[in-house]
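> This is the structure I have questions about; it appears just below.
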Amino acid sequence: MSAQVTVWFDSSCPLCQREIALMRRLDSRGAINFIDACDPDGSCPIDRAELLARFHAEEAGKLLSGAAAFAAMWRAIPVLRPLGLLAGWQPLTPIFEAAYRRFLRIRPRLQRLVRSSSTS
């Protein structure tokens with residue numbers, strides 16, 4: 001099967017590394033093309049700093065970011081598809097985006113925690 005979704009991820013982020021490792025295991029159909037946004041030779045559809053500041057994915061030729069990008073990734077994985085459909089449902093989309101924005105505010109602290117726990 002050819003990839004249906006392209007996902008750019010931050011390989012320097014320990015949270016991202018763990019999440020992408022899980023998504024790769026769950027993506028048994030190979031529906032997602034994972035691209036390391038930190039790789040200078042990797043494709044980058046927008047400014048690299050912008051790409052690293054928020055989660056991005058491309059689905060059906062459309063570049064998505066934030067919660068919409070997560071929803072696209074989840075829809076491509078059968079076990080997560082219901083969550084992806086829910087996150088993409090217009091009445092709930094703003095709630096998922098608000099949760100994602102809250103996560104972005106605490107992401108640096110979570111990264112430090114993950115880094116310190118993995119070096120201990």
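By convention in this document, the chains of the structure tokens carry letters A, B, ... by their order, each chain's residues are numbered from 1, and ligands are numbered from 1 in the order they are shown.
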From a DSSP pass on the backbone, collect the residues of chain A flagged as strand (DSSP E or B) and hand them back as a PyMOL selection string.

chain A and resi 5-9+32-36+56-59+62-65

> Take the residues that were just selected and, keeping N, CA and C atoms, output them as a CSV table (one decimal), in the first residue's frame.


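The resulting file, result-v7.csv, is reproduced below:
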```
chain,number,residue,atom,x,y,z
A,5,VAL,N,-0.8,9.3,4.0
A,5,VAL,CA,-0.6,10.5,4.8
A,5,VAL,C,0.9,10.7,5.0
A,6,THR,N,1.4,11.9,4.9
A,6,THR,CA,2.8,12.2,5.2
A,6,THR,C,2.8,13.0,6.5
A,7,VAL,N,3.7,12.5,7.4
A,7,VAL,CA,3.8,13.2,8.7
A,7,VAL,C,5.3,13.6,8.9
A,8,TRP,N,5.4,14.9,9.3
A,8,TRP,CA,6.7,15.4,9.6
A,8,TRP,C,6.9,15.4,11.1
A,9,PHE,N,8.0,15.0,11.6
A,9,PHE,CA,8.2,14.9,13.1
A,9,PHE,C,9.5,15.4,13.5
A,32,ILE,N,1.4,5.6,6.3
A,32,ILE,CA,2.0,6.9,6.7
A,32,ILE,C,3.4,6.9,6.2
A,33,ASN,N,3.8,8.0,5.6
A,33,ASN,CA,5.2,8.3,5.3
A,33,ASN,C,5.7,9.3,6.3
A,34,PHE,N,6.6,8.8,7.2
A,34,PHE,CA,7.2,9.6,8.3
A,34,PHE,C,8.4,10.2,7.8
A,35,ILE,N,8.5,11.6,8.0
A,35,ILE,CA,9.7,12.3,7.5
A,35,ILE,C,10.3,13.1,8.7
A,36,ASP,N,11.5,12.9,8.9
A,36,ASP,CA,12.2,13.6,10.0
A,36,ASP,C,12.4,15.1,9.6
A,56,HIS,N,2.8,18.7,11.8
A,56,HIS,CA,2.3,18.8,10.5
A,56,HIS,C,2.1,17.5,9.8
A,57,ALA,N,1.1,17.4,9.0
A,57,ALA,CA,0.8,16.2,8.1
A,57,ALA,C,0.2,16.7,6.8
A,58,GLU,N,0.3,15.8,5.8
A,58,GLU,CA,-0.3,16.1,4.6
A,58,GLU,C,-1.3,14.9,4.3
A,59,GLU,N,-2.5,15.3,4.0
A,59,GLU,CA,-3.5,14.3,3.6
A,59,GLU,C,-4.3,14.8,2.4
A,62,LYS,N,-3.4,18.1,1.0
A,62,LYS,CA,-3.7,19.3,1.9
A,62,LYS,C,-2.7,19.3,3.1
A,63,LEU,N,-2.0,20.3,3.3
A,63,LEU,CA,-1.1,20.4,4.5
A,63,LEU,C,-1.9,20.8,5.7
A,64,LEU,N,-1.8,20.0,6.8
A,64,LEU,CA,-2.5,20.3,8.0
A,64,LEU,C,-1.6,20.5,9.2
A,65,SER,N,-2.0,21.2,10.2
A,65,SER,CA,-1.1,21.3,11.4
A,65,SER,C,-2.0,21.2,12.6
```

> Could you name the residues that touch Val79 (chain A) at 12 Å or less, counting only C-alpha atoms, but leaving out those on the same chain fewer than 3 positions away, as a PDB file with N, CA and C atoms, in the first residue's frame?


```pdb
ATOM      1  N   MET A  23       3.420   5.090  16.644  1.00  0.00           N
ATOM      2  CA  MET A  23       2.626   5.205  15.415  1.00  0.00           C
ATOM      3  C   MET A  23       3.177   4.274  14.327  1.00  0.00           C
ATOM      4  N   ARG A  25       4.672   1.426  14.805  1.00  0.00           N
ATOM      5  CA  ARG A  25       4.252   0.048  15.161  1.00  0.00           C
ATOM      6  C   ARG A  25       2.780  -0.175  14.815  1.00  0.00           C
ATOM      7  N   LEU A  26       1.954   0.829  15.063  1.00  0.00           N
ATOM      8  CA  LEU A  26       0.522   0.696  14.791  1.00  0.00           C
ATOM      9  C   LEU A  26       0.194   0.780  13.298  1.00  0.00           C
ATOM     10  N   ASP A  27       1.064   1.401  12.529  1.00  0.00           N
ATOM     11  CA  ASP A  27       0.838   1.589  11.086  1.00  0.00           C
ATOM     12  C   ASP A  27       1.259   0.333  10.309  1.00  0.00           C
ATOM     13  N   SER A  28       0.604  -0.752  10.585  1.00  0.00           N
ATOM     14  CA  SER A  28       0.960  -2.041   9.970  1.00  0.00           C
ATOM     15  C   SER A  28       0.718  -2.060   8.458  1.00  0.00           C
ATOM     16  N   ARG A  29      -0.137  -1.181   7.961  1.00  0.00           N
ATOM     17  CA  ARG A  29      -0.427  -1.129   6.521  1.00  0.00           C
ATOM     18  C   ARG A  29       0.547  -0.240   5.760  1.00  0.00           C
ATOM     19  N   MET A  73      -3.313  11.648  10.861  1.00  0.00           N
ATOM     20  CA  MET A  73      -2.454  10.506  11.168  1.00  0.00           C
ATOM     21  C   MET A  73      -3.276   9.384  11.800  1.00  0.00           C
ATOM     22  N   TRP A  74      -4.126   9.732  12.753  1.00  0.00           N
ATOM     23  CA  TRP A  74      -4.944   8.721  13.423  1.00  0.00           C
ATOM     24  C   TRP A  74      -5.896   8.035  12.444  1.00  0.00           C
ATOM     25  N   ARG A  75      -6.468   8.795  11.502  1.00  0.00           N
ATOM     26  CA  ARG A  75      -7.391   8.186  10.531  1.00  0.00           C
ATOM     27  C   ARG A  75      -6.697   7.157   9.650  1.00  0.00           C
ATOM     28  N   ALA A  76      -5.394   7.303   9.450  1.00  0.00           N
ATOM     29  CA  ALA A  76      -4.646   6.378   8.598  1.00  0.00           C
ATOM     30  C   ALA A  76      -4.316   5.056   9.298  1.00  0.00           C
ATOM     31  N   PRO A  82     -11.245   5.664  14.593  1.00  0.00           N
ATOM     32  CA  PRO A  82     -12.400   6.308  15.246  1.00  0.00           C
ATOM     33  C   PRO A  82     -12.018   7.625  15.948  1.00  0.00           C
ATOM     34  N   LEU A  83     -10.865   7.655  16.600  1.00  0.00           N
ATOM     35  CA  LEU A  83     -10.412   8.877  17.253  1.00  0.00           C
ATOM     36  C   LEU A  83     -10.130   9.962  16.206  1.00  0.00           C
ATOM     37  N   GLY A  84      -9.528   9.571  15.085  1.00  0.00           N
ATOM     38  CA  GLY A  84      -9.254  10.521  14.017  1.00  0.00           C
ATOM     39  C   GLY A  84     -10.525  11.089  13.400  1.00  0.00           C
ATOM     40  N   LEU A  85     -11.532  10.247  13.245  1.00  0.00           N
ATOM     41  CA  LEU A  85     -12.814  10.719  12.716  1.00  0.00           C
ATOM     42  C   LEU A  85     -13.476  11.677  13.699  1.00  0.00           C
TER      43      LEU A  85
END
```

> Using only C-alpha atoms, which protein or nucleic acid residues come within 9 Å of region 13-19 of chain A? Drop anything in the same chain fewer than 4 positions from it, and give the result as number ranges by chain.

A: 9, 23-24, 107, 110-112, 114-115

> What gap, in Å, lies between CA of Gly66 (chain A) and CA of Pro91 (chain A)?

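Going from CA of Gly66 (chain A) over to CA of Pro91 (chain A) covers 16.4 Å.
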
> Please indicate the distance in Å from CA of Tyr100 (chain A) to CA of Pro40 (chain A), rounded to one decimal place.

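CA of Pro40 (chain A) lies 26.4 Å from CA of Tyr100 (chain A).
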
> List every residue of chain A that DSSP, applied to the backbone of this structure, places in helix (DSSP H, G or I), and write the result as a VMD selection string.

chain A and resid 14 to 26 48 to 53 67 to 75 78 to 88 93 to 119

> Between CA of Ala60 (chain A) and CA of Ser12 (chain A), what is the distance in Å, rounded to a tenth?

27.4 Å
